[in-house]
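Visitor: Pasting coords-v4.pdb below, which is PDB, C-alpha atoms.
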ATOM      1  CA  MET A   1     -20.472 -51.957  12.373  1.00  0.00           C
ATOM      2  CA  VAL A   2     -17.135 -50.311  11.705  1.00  0.00           C
ATOM      3  CA  ARG A   3     -18.369 -49.196   8.310  1.00  0.00           C
ATOM      4  CA  LEU A   4     -21.537 -47.702   9.837  1.00  0.00           C
ATOM      5  CA  ALA A   5     -19.476 -45.804  12.386  1.00  0.00           C
ATOM      6  CA  ALA A   6     -17.251 -44.429   9.610  1.00  0.00           C
ATOM      7  CA  ILE A   7     -20.284 -43.282   7.628  1.00  0.00           C
ATOM      8  CA  LEU A   8     -21.795 -41.578  10.676  1.00  0.00           C
ATOM      9  CA  ALA A   9     -18.480 -39.891  11.431  1.00  0.00           C
ATOM     10  CA  GLY A  10     -18.253 -38.654   7.848  1.00  0.00           C
ATOM     11  CA  LEU A  11     -21.766 -37.246   8.017  1.00  0.00           C
ATOM     12  CA  ALA A  12     -20.904 -35.487  11.252  1.00  0.00           C
ATOM     13  CA  VAL A  13     -17.922 -33.800   9.617  1.00  0.00           C
ATOM     14  CA  ILE A  14     -20.071 -32.697   6.660  1.00  0.00           C
ATOM     15  CA  VAL A  15     -22.686 -31.230   8.984  1.00  0.00           C
ATOM     16  CA  LEU A  16     -19.989 -29.451  11.005  1.00  0.00           C
ATOM     17  CA  LEU A  17     -18.335 -27.994   7.896  1.00  0.00           C
ATOM     18  CA  GLY A  18     -21.715 -26.958   6.578  1.00  0.00           C
ATOM     19  CA  GLY A  19     -22.414 -25.125   9.804  1.00  0.00           C
ATOM     20  CA  VAL A  20     -19.074 -23.342   9.630  1.00  0.00           C
ATOM     21  CA  TRP A  21     -19.705 -22.329   5.997  1.00  0.00           C
ATOM     22  CA  TYR A  22     -23.195 -21.042   6.797  1.00  0.00           C
ATOM     23  CA  ALA A  23     -21.928 -19.034   9.748  1.00  0.00           C
ATOM     24  CA  SER A  24     -19.270 -17.455   7.566  1.00  0.00           C
ATOM     25  CA  GLN A  25     -21.733 -16.202   4.960  1.00  0.00           C
ATOM     26  CA  PRO A  26     -22.856 -12.545   5.033  1.00  0.00           C
ATOM     27  CA  ASN A  27     -26.014 -12.165   7.049  1.00  0.00           C
ATOM     28  CA  GLU A  28     -28.552  -9.891   5.390  1.00  0.00           C
ATOM     29  CA  SER A  29     -29.698  -8.800   8.838  1.00  0.00           C
ATOM     30  CA  ASP A  30     -26.202  -7.361   9.393  1.00  0.00           C
ATOM     31  CA  ASP A  31     -26.683  -5.049   6.391  1.00  0.00           C
ATOM     32  CA  LYS A  32     -28.343  -1.890   7.659  1.00  0.00           C
ATOM     33  CA  TYR A  33     -29.170  -0.974   4.055  1.00  0.00           C
ATOM     34  CA  ALA A  34     -30.765  -4.307   3.097  1.00  0.00           C
ATOM     35  CA  SER A  35     -34.300  -2.875   2.986  1.00  0.00           C
ATOM     36  CA  CYS A  36     -33.119  -0.018   0.742  1.00  0.00           C
ATOM     37  CA  ARG A  37     -31.368  -2.031  -1.950  1.00  0.00           C
ATOM     38  CA  ASN A  38     -33.059  -2.294  -5.335  1.00  0.00           C
ATOM     39  CA  THR A  39     -30.111  -3.706  -7.269  1.00  0.00           C
ATOM     40  CA  LYS A  40     -28.024  -6.855  -7.225  1.00  0.00           C
ATOM     41  CA  ILE A  41     -24.286  -6.391  -7.619  1.00  0.00           C
ATOM     42  CA  ALA A  42     -22.077  -9.251  -8.752  1.00  0.00           C
ATOM     43  CA  GLY A  43     -19.505  -9.756  -6.021  1.00  0.00           C
ATOM     44  CA  GLY A  44     -21.306  -7.407  -3.626  1.00  0.00           C
ATOM     45  CA  ALA A  45     -21.192  -3.649  -2.989  1.00  0.00           C
ATOM     46  CA  ASP A  46     -17.621  -3.889  -1.717  1.00  0.00           C
ATOM     47  CA  THR A  47     -16.422  -4.534  -5.266  1.00  0.00           C
ATOM     48  CA  ILE A  48     -17.402  -1.025  -6.423  1.00  0.00           C
ATOM     49  CA  GLY A  49     -15.693   2.215  -5.447  1.00  0.00           C
ATOM     50  CA  GLY A  50     -12.442   2.916  -3.693  1.00  0.00           C
ATOM     51  CA  PRO A  51      -9.557   5.374  -3.645  1.00  0.00           C
ATOM     52  CA  PHE A  52      -8.933   7.735  -6.529  1.00  0.00           C
ATOM     53  CA  THR A  53      -6.675  10.687  -7.299  1.00  0.00           C
ATOM     54  CA  LEU A  54      -7.971  13.340  -9.702  1.00  0.00           C
ATOM     55  CA  VAL A  55      -7.760  17.069 -10.433  1.00  0.00           C
ATOM     56  CA  ASN A  56     -10.435  19.605  -9.458  1.00  0.00           C
ATOM     57  CA  SER A  57     -11.551  22.755 -11.257  1.00  0.00           C
ATOM     58  CA  ALA A  58      -8.850  24.809  -9.549  1.00  0.00           C
ATOM     59  CA  GLY A  59      -6.160  22.513 -10.901  1.00  0.00           C
ATOM     60  CA  ASP A  60      -5.456  20.984  -7.500  1.00  0.00           C
ATOM     61  CA  THR A  61      -4.807  17.272  -7.113  1.00  0.00           C
ATOM     62  CA  VAL A  62      -7.416  15.739  -4.823  1.00  0.00           C
ATOM     63  CA  THR A  63      -8.229  12.278  -3.525  1.00  0.00           C
ATOM     64  CA  ASP A  64     -11.522  10.579  -2.751  1.00  0.00           C
ATOM     65  CA  LYS A  65     -11.044  11.603   0.887  1.00  0.00           C
ATOM     66  CA  ASP A  66     -10.948  15.263  -0.151  1.00  0.00           C
ATOM     67  CA  VAL A  67     -14.010  14.974  -2.377  1.00  0.00           C
ATOM     68  CA  ILE A  68     -16.381  12.605  -0.556  1.00  0.00           C
ATOM     69  CA  THR A  69     -16.660  14.449   2.737  1.00  0.00           C
ATOM     70  CA  LYS A  70     -20.442  13.919   2.840  1.00  0.00           C
ATOM     71  CA  PRO A  71     -22.928  11.773   0.924  1.00  0.00           C
ATOM     72  CA  SER A  72     -22.183  12.111  -2.788  1.00  0.00           C
ATOM     73  CA  LEU A  73     -23.864  11.246  -6.070  1.00  0.00           C
ATOM     74  CA  ILE A  74     -21.124  10.455  -8.596  1.00  0.00           C
ATOM     75  CA  TYR A  75     -21.460  10.362 -12.388  1.00  0.00           C
ATOM     76  CA  PHE A  76     -18.827   9.552 -15.024  1.00  0.00           C
ATOM     77  CA  GLY A  77     -19.260  11.394 -18.324  1.00  0.00           C
ATOM     78  CA  TYR A  78     -17.766  14.113 -20.512  1.00  0.00           C
ATOM     79  CA  THR A  79     -18.644  17.708 -21.319  1.00  0.00           C
ATOM     80  CA  PHE A  80     -18.798  17.274 -25.121  1.00  0.00           C
ATOM     81  CA  CYS A  81     -21.448  14.565 -24.723  1.00  0.00           C
ATOM     82  CA  PRO A  82     -24.344  15.639 -26.977  1.00  0.00           C
ATOM     83  CA  ASP A  83     -27.327  14.251 -25.085  1.00  0.00           C
ATOM     84  CA  VAL A  84     -26.915  11.540 -22.450  1.00  0.00           C
ATOM     85  CA  CYS A  85     -24.604  13.329 -20.016  1.00  0.00           C
ATOM     86  CA  PRO A  86     -26.544  16.608 -19.897  1.00  0.00           C
ATOM     87  CA  LEU A  87     -29.794  14.754 -19.254  1.00  0.00           C
ATOM     88  CA  ASP A  88     -28.293  12.484 -16.592  1.00  0.00           C
ATOM     89  CA  THR A  89     -26.439  15.233 -14.741  1.00  0.00           C
ATOM     90  CA  VAL A  90     -29.474  17.541 -14.797  1.00  0.00           C
ATOM     91  CA  ARG A  91     -31.535  14.651 -13.394  1.00  0.00           C
ATOM     92  CA  ASN A  92     -28.955  14.207 -10.631  1.00  0.00           C
ATOM     93  CA  ALA A  93     -28.934  17.942  -9.868  1.00  0.00           C
ATOM     94  CA  GLU A  94     -32.719  17.921  -9.527  1.00  0.00           C
ATOM     95  CA  ALA A  95     -32.539  14.863  -7.265  1.00  0.00           C
ATOM     96  CA  ILE A  96     -29.984  16.668  -5.078  1.00  0.00           C
ATOM     97  CA  ASP A  97     -32.402  19.580  -4.657  1.00  0.00           C
ATOM     98  CA  LEU A  98     -35.259  17.233  -3.764  1.00  0.00           C
ATOM     99  CA  LEU A  99     -33.050  15.571  -1.157  1.00  0.00           C
ATOM    100  CA  LYS A 100     -32.142  18.984   0.243  1.00  0.00           C
ATOM    101  CA  GLU A 101     -35.837  19.713   0.741  1.00  0.00           C
ATOM    102  CA  GLN A 102     -35.960  16.534   2.835  1.00  0.00           C
ATOM    103  CA  GLY A 103     -33.037  17.702   4.955  1.00  0.00           C
ATOM    104  CA  HIS A 104     -30.318  15.653   3.229  1.00  0.00           C
ATOM    105  CA  ASP A 105     -27.083  17.364   2.205  1.00  0.00           C
ATOM    106  CA  VAL A 106     -25.688  15.489  -0.797  1.00  0.00           C
ATOM    107  CA  THR A 107     -22.876  16.555  -3.133  1.00  0.00           C
ATOM    108  CA  PRO A 108     -23.218  15.969  -6.886  1.00  0.00           C
ATOM    109  CA  VAL A 109     -19.879  14.933  -8.441  1.00  0.00           C
ATOM    110  CA  PHE A 110     -19.033  14.846 -12.157  1.00  0.00           C
ATOM    111  CA  ILE A 111     -15.924  12.880 -13.183  1.00  0.00           C
ATOM    112  CA  SER A 112     -14.782  13.347 -16.774  1.00  0.00           C
ATOM    113  CA  ILE A 113     -13.723  10.325 -18.820  1.00  0.00           C
ATOM    114  CA  ASP A 114     -12.393  12.646 -21.551  1.00  0.00           C
ATOM    115  CA  PRO A 115      -9.319  14.279 -19.969  1.00  0.00           C
ATOM    116  CA  LYS A 116      -7.904  15.335 -23.339  1.00  0.00           C
ATOM    117  CA  ARG A 117     -10.613  17.962 -23.844  1.00  0.00           C
ATOM    118  CA  ASP A 118     -11.950  18.321 -20.303  1.00  0.00           C
ATOM    119  CA  THR A 119      -9.383  20.547 -18.651  1.00  0.00           C
ATOM    120  CA  PRO A 120      -9.941  21.623 -15.031  1.00  0.00           C
ATOM    121  CA  GLU A 121     -11.455  24.904 -16.250  1.00  0.00           C
ATOM    122  CA  VAL A 122     -13.783  23.207 -18.748  1.00  0.00           C
ATOM    123  CA  VAL A 123     -15.045  20.589 -16.308  1.00  0.00           C
ATOM    124  CA  GLY A 124     -15.413  23.244 -13.613  1.00  0.00           C
ATOM    125  CA  ASP A 125     -17.587  25.455 -15.816  1.00  0.00           C
ATOM    126  CA  PHE A 126     -19.675  22.456 -16.853  1.00  0.00           C
ATOM    127  CA  ALA A 127     -20.321  21.459 -13.240  1.00  0.00           C
ATOM    128  CA  ALA A 128     -21.041  25.017 -12.066  1.00  0.00           C
ATOM    129  CA  ASN A 129     -23.627  25.509 -14.808  1.00  0.00           C
ATOM    130  CA  LEU A 130     -25.488  22.396 -13.694  1.00  0.00           C
ATOM    131  CA  HIS A 131     -25.549  22.910  -9.928  1.00  0.00           C
ATOM    132  CA  GLU A 132     -23.871  25.331  -7.568  1.00  0.00           C
ATOM    133  CA  ASP A 133     -22.652  22.473  -5.376  1.00  0.00           C
ATOM    134  CA  MET A 134     -21.478  20.158  -8.146  1.00  0.00           C
ATOM    135  CA  ILE A 135     -17.797  19.199  -8.067  1.00  0.00           C
ATOM    136  CA  GLY A 136     -16.143  18.711 -11.450  1.00  0.00           C
ATOM    137  CA  LEU A 137     -13.108  16.440 -11.668  1.00  0.00           C
ATOM    138  CA  THR A 138     -10.683  15.466 -14.410  1.00  0.00           C
ATOM    139  CA  GLY A 139      -7.071  14.272 -14.442  1.00  0.00           C
ATOM    140  CA  SER A 140      -4.465  12.485 -16.484  1.00  0.00           C
ATOM    141  CA  GLU A 141      -5.501   9.537 -18.631  1.00  0.00           C
ATOM    142  CA  GLU A 142      -4.031   7.199 -16.020  1.00  0.00           C
ATOM    143  CA  GLN A 143      -5.871   8.893 -13.141  1.00  0.00           C
ATOM    144  CA  VAL A 144      -9.198   8.855 -14.974  1.00  0.00           C
ATOM    145  CA  LYS A 145      -8.781   5.229 -15.998  1.00  0.00           C
ATOM    146  CA  ALA A 146      -7.999   4.215 -12.408  1.00  0.00           C
ATOM    147  CA  ALA A 147     -11.080   6.008 -11.054  1.00  0.00           C
ATOM    148  CA  SER A 148     -13.242   4.440 -13.754  1.00  0.00           C
ATOM    149  CA  GLN A 149     -11.930   0.965 -12.974  1.00  0.00           C
ATOM    150  CA  ALA A 150     -12.561   1.477  -9.260  1.00  0.00           C
ATOM    151  CA  TYR A 151     -16.242   2.106 -10.008  1.00  0.00           C
ATOM    152  CA  ARG A 152     -16.364  -0.553 -12.721  1.00  0.00           C
ATOM    153  CA  THR A 153     -17.470   1.927 -15.373  1.00  0.00           C
ATOM    154  CA  TYR A 154     -16.896   1.595 -19.103  1.00  0.00           C
ATOM    155  CA  PHE A 155     -15.734   4.165 -21.633  1.00  0.00           C
ATOM    156  CA  LYS A 156     -14.207   4.039 -25.101  1.00  0.00           C
ATOM    157  CA  LYS A 157     -13.203   6.868 -27.405  1.00  0.00           C
ATOM    158  CA  GLN A 158     -14.707   6.594 -30.877  1.00  0.00           C
ATOM    159  CA  PRO A 159     -12.777   7.333 -34.099  1.00  0.00           C
ATOM    160  CA  GLY A 160     -13.188  10.879 -35.327  1.00  0.00           C
ATOM    161  CA  ASP A 161     -11.741  14.339 -35.571  1.00  0.00           C
ATOM    162  CA  ASP A 162      -9.299  15.227 -32.789  1.00  0.00           C
ATOM    163  CA  ASP A 163     -11.675  17.903 -31.493  1.00  0.00           C
ATOM    164  CA  TYR A 164     -15.109  16.435 -32.247  1.00  0.00           C
ATOM    165  CA  TYR A 165     -14.941  12.734 -31.371  1.00  0.00           C
ATOM    166  CA  LEU A 166     -17.531  11.004 -29.188  1.00  0.00           C
ATOM    167  CA  VAL A 167     -16.947   8.684 -26.226  1.00  0.00           C
ATOM    168  CA  ASP A 168     -19.081   5.636 -25.471  1.00  0.00           C
ATOM    169  CA  HIS A 169     -19.559   5.200 -21.730  1.00  0.00           C
ATOM    170  CA  SER A 170     -21.716   3.636 -19.042  1.00  0.00           C
ATOM    171  CA  THR A 171     -24.391   5.826 -17.496  1.00  0.00           C
ATOM    172  CA  PHE A 172     -24.866   4.780 -13.882  1.00  0.00           C
ATOM    173  CA  SER A 173     -24.915   7.244 -11.002  1.00  0.00           C
ATOM    174  CA  TYR A 174     -23.330   6.106  -7.738  1.00  0.00           C
ATOM    175  CA  LEU A 175     -24.401   6.938  -4.202  1.00  0.00           C
ATOM    176  CA  VAL A 176     -21.306   7.014  -2.004  1.00  0.00           C
ATOM    177  CA  LEU A 177     -21.164   7.668   1.749  1.00  0.00           C
ATOM    178  CA  PRO A 178     -18.013   8.837   3.567  1.00  0.00           C
ATOM    179  CA  GLU A 179     -18.258   6.103   6.203  1.00  0.00           C
ATOM    180  CA  ASP A 180     -19.420   3.184   4.067  1.00  0.00           C
ATOM    181  CA  GLY A 181     -18.231   3.980   0.554  1.00  0.00           C
ATOM    182  CA  PHE A 182     -20.411   2.924  -2.369  1.00  0.00           C
ATOM    183  CA  VAL A 183     -23.892   1.758  -1.356  1.00  0.00           C
ATOM    184  CA  GLU A 184     -26.077   1.895  -4.472  1.00  0.00           C
ATOM    185  CA  PHE A 185     -26.230   2.804  -8.155  1.00  0.00           C
ATOM    186  CA  PHE A 186     -29.065   4.343 -10.133  1.00  0.00           C
ATOM    187  CA  ARG A 187     -29.943   3.700 -13.770  1.00  0.00           C
ATOM    188  CA  ARG A 188     -30.539   6.611 -16.099  1.00  0.00           C
ATOM    189  CA  GLU A 189     -34.232   5.840 -16.697  1.00  0.00           C
ATOM    190  CA  LEU A 190     -35.057   6.799 -13.101  1.00  0.00           C
ATOM    191  CA  SER A 191     -36.652  10.202 -12.527  1.00  0.00           C
ATOM    192  CA  PRO A 192     -35.251  12.814 -10.105  1.00  0.00           C
ATOM    193  CA  ALA A 193     -38.002  11.839  -7.652  1.00  0.00           C
ATOM    194  CA  ASP A 194     -37.100   8.139  -7.961  1.00  0.00           C
ATOM    195  CA  VAL A 195     -33.411   8.816  -7.287  1.00  0.00           C
ATOM    196  CA  ALA A 196     -34.228  11.070  -4.339  1.00  0.00           C
ATOM    197  CA  GLU A 197     -36.623   8.536  -2.847  1.00  0.00           C
ATOM    198  CA  ARG A 198     -34.188   5.638  -3.118  1.00  0.00           C
ATOM    199  CA  ALA A 199     -31.218   7.682  -1.945  1.00  0.00           C
ATOM    200  CA  SER A 200     -33.114   9.017   1.076  1.00  0.00           C
ATOM    201  CA  CYS A 201     -33.651   5.458   2.307  1.00  0.00           C
ATOM    202  CA  PHE A 202     -29.881   4.951   2.509  1.00  0.00           C
ATOM    203  CA  LEU A 203     -29.306   8.361   4.051  1.00  0.00           C
ATOM    204  CA  ASP A 204     -31.929   7.752   6.733  1.00  0.00           C
ATOM    205  CA  ALA A 205     -30.517   4.292   7.478  1.00  0.00           C
ATOM    206  CA  ALA A 206     -26.996   5.706   7.789  1.00  0.00           C
ATOM    207  CA  ASN A 207     -28.047   7.957  10.697  1.00  0.00           C
TER
END
Here is the file; what I need is its structure written in the form of structure tokens.
Guide:
Amino acid sequence: MVRLAAILAGLAVIVLLGGVWYASQPNESDDKYASCRNTKIAGGADTIGGPFTLVNSAGDTVTDKDVITKPSLIYFGYTFCPDVCPLDTVRNAEAIDLLKEQGHDVTPVFISIDPKRDTPEVVGDFAANLHEDMIGLTGSEEQVKAASQAYRTYFKKQPGDDDYYLVDHSTFSYLVLPEDGFVEFFRRELSPADVAERASCFLDAAN
């Protein structure tokens, strides 16, 4: 009888702890963007994004608070990139225009991962040629590395001439909201219409 009581007491504790654990887990219904998400992120969306300090095209030091003052579509690349970056950033610029037609004001942001060659002037000209609203950012090697790590991006300089080397890098674009931070990323195979459609879901849900 004593043994039975001990077993029942043990089961009660397990059930209680299980209830506490379940209650502590994130509830999808608490996520206002749950119906918009098309990607799964290891560790959750909170593990991507965060503070950064970089340099804008005017040579001024800026932080994420200065840059992300409204919904932003962020891409990490470099201006000497022969094919991938131009295609991806043009796609993003077209998506921004499609979102504008829907009444959404979104800022395209280009962050260089090649600070040696991408001076403020170079990255500024690159951004301006792609979209009138695009913000171009660069910085010291330490600043760029910190921003890249915050967004969990990858880049690696390849061996080559000091002026004509290439840089391997990841190619995601990140939708970031001033109030909520990072909310979604987009793969490069998506069309401008796809990016605009998916981004608009988040923008509508945020209001």
Visitor: Could you jot down the atom CA of A:Arg37 to atom CA of A:Tyr151 separation for me, Å, one decimal place?
Guide: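 Here the two named atoms are 17.6 Å from each other.
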Visitor: Distance atom CA of A:Arg152-atom CA of A:Gly77, one decimal place?
Guide: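 Interatomic distance, atom CA of A:Arg152 to atom CA of A:Gly77: 13.5 Å.
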Visitor: Taking the file as shown, find all residues satisfying the PyMOL selection byres ((chain A and resi 43-54) around 9) and write them as number ranges by chain.
Guide: A: 40-42, 55-56, 60-65, 111, 137-140, 143-144, 146-152, 174, 176, 181-184
Visitor: Which of these, A:Glu94, A:Asp118, A:Glu142, A:Asp83, has the shortest distance to A:Asp168 once you count only C-alpha atoms?
Guide: A:Asp83
Visitor: Once the PyMOL selection byres ((chain A and resi 120-134) around 7) is applied to the coordinates I shared, what remains selected? I want it as a PyMOL selection string.
Guide: chain A and resi 55-59+79+90+93+107-110+118-119+135-138
Visitor: Using the partial input, fill out stretch 181-196 of chain A with N, CA, C and O atoms; write the result as an mmCIF file, in the coordinates of the input.
Guide:
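Below you can see part-v4.cif, which holds the result:
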data_model
loop_
_atom_site.group_PDB
_atom_site.id
_atom_site.type_symbol
_atom_site.label_atom_id
_atom_site.label_comp_id
_atom_site.auth_asym_id
_atom_site.auth_seq_id
_atom_site.Cartn_x
_atom_site.Cartn_y
_atom_site.Cartn_z
ATOM 1 N N GLY A 181 -18.585 4.080 1.965
ATOM 2 C CA GLY A 181 -18.231 3.980 0.554
ATOM 3 C C GLY A 181 -19.465 3.819 -0.318
ATOM 4 O O GLY A 181 -20.557 4.282 0.026
ATOM 5 N N PHE A 182 -19.299 3.127 -1.443
ATOM 6 C CA PHE A 182 -20.411 2.924 -2.369
ATOM 7 C C PHE A 182 -21.511 2.091 -1.709
ATOM 8 O O PHE A 182 -21.248 1.077 -1.073
ATOM 9 N N VAL A 183 -22.772 2.527 -1.901
ATOM 10 C CA VAL A 183 -23.892 1.758 -1.356
ATOM 11 C C VAL A 183 -24.951 1.398 -2.400
ATOM 12 O O VAL A 183 -25.680 0.424 -2.228
ATOM 13 N N GLU A 184 -25.041 2.190 -3.484
ATOM 14 C CA GLU A 184 -26.077 1.895 -4.472
ATOM 15 C C GLU A 184 -25.786 2.629 -5.780
ATOM 16 O O GLU A 184 -25.104 3.654 -5.785
ATOM 17 N N PHE A 185 -26.305 2.074 -6.894
ATOM 18 C CA PHE A 185 -26.230 2.804 -8.155
ATOM 19 C C PHE A 185 -27.633 2.990 -8.712
ATOM 20 O O PHE A 185 -28.560 2.255 -8.392
ATOM 21 N N PHE A 186 -27.769 4.011 -9.557
ATOM 22 C CA PHE A 186 -29.065 4.343 -10.133
ATOM 23 C C PHE A 186 -28.960 4.357 -11.664
ATOM 24 O O PHE A 186 -28.046 4.958 -12.224
ATOM 25 N N ARG A 187 -29.909 3.721 -12.315
ATOM 26 C CA ARG A 187 -29.943 3.700 -13.770
ATOM 27 C C ARG A 187 -30.501 5.015 -14.308
ATOM 28 O O ARG A 187 -31.228 5.722 -13.610
ATOM 29 N N ARG A 188 -30.189 5.302 -15.551
ATOM 30 C CA ARG A 188 -30.539 6.611 -16.099
ATOM 31 C C ARG A 188 -32.035 6.780 -16.351
ATOM 32 O O ARG A 188 -32.522 7.910 -16.495
ATOM 33 N N GLU A 189 -32.805 5.690 -16.428
ATOM 34 C CA GLU A 189 -34.232 5.840 -16.697
ATOM 35 C C GLU A 189 -35.020 6.319 -15.473
ATOM 36 O O GLU A 189 -36.200 6.667 -15.582
ATOM 37 N N LEU A 190 -34.378 6.335 -14.308
ATOM 38 C CA LEU A 190 -35.057 6.799 -13.101
ATOM 39 C C LEU A 190 -35.251 8.315 -13.144
ATOM 40 O O LEU A 190 -34.400 9.054 -13.633
ATOM 41 N N SER A 191 -36.364 8.773 -12.596
ATOM 42 C CA SER A 191 -36.652 10.202 -12.527
ATOM 43 C C SER A 191 -35.928 10.824 -11.341
ATOM 44 O O SER A 191 -35.438 10.104 -10.456
ATOM 45 N N PRO A 192 -35.845 12.169 -11.287
ATOM 46 C CA PRO A 192 -35.251 12.814 -10.105
ATOM 47 C C PRO A 192 -35.935 12.380 -8.804
ATOM 48 O O PRO A 192 -35.262 12.133 -7.797
ATOM 49 N N ALA A 193 -37.265 12.257 -8.846
ATOM 50 C CA ALA A 193 -38.002 11.839 -7.652
ATOM 51 C C ALA A 193 -37.649 10.411 -7.254
ATOM 52 O O ALA A 193 -37.530 10.100 -6.057
ATOM 53 N N ASP A 194 -37.474 9.525 -8.246
ATOM 54 C CA ASP A 194 -37.100 8.139 -7.961
ATOM 55 C C ASP A 194 -35.733 8.081 -7.287
ATOM 56 O O ASP A 194 -35.540 7.359 -6.294
ATOM 57 N N VAL A 195 -34.768 8.811 -7.851
ATOM 58 C CA VAL A 195 -33.411 8.816 -7.287
ATOM 59 C C VAL A 195 -33.437 9.368 -5.867
ATOM 60 O O VAL A 195 -32.821 8.801 -4.951
ATOM 61 N N ALA A 196 -34.157 10.466 -5.670
ATOM 62 C CA ALA A 196 -34.228 11.070 -4.339
ATOM 63 C C ALA A 196 -34.868 10.124 -3.331
ATOM 64 O O ALA A 196 -34.397 9.991 -2.196
#
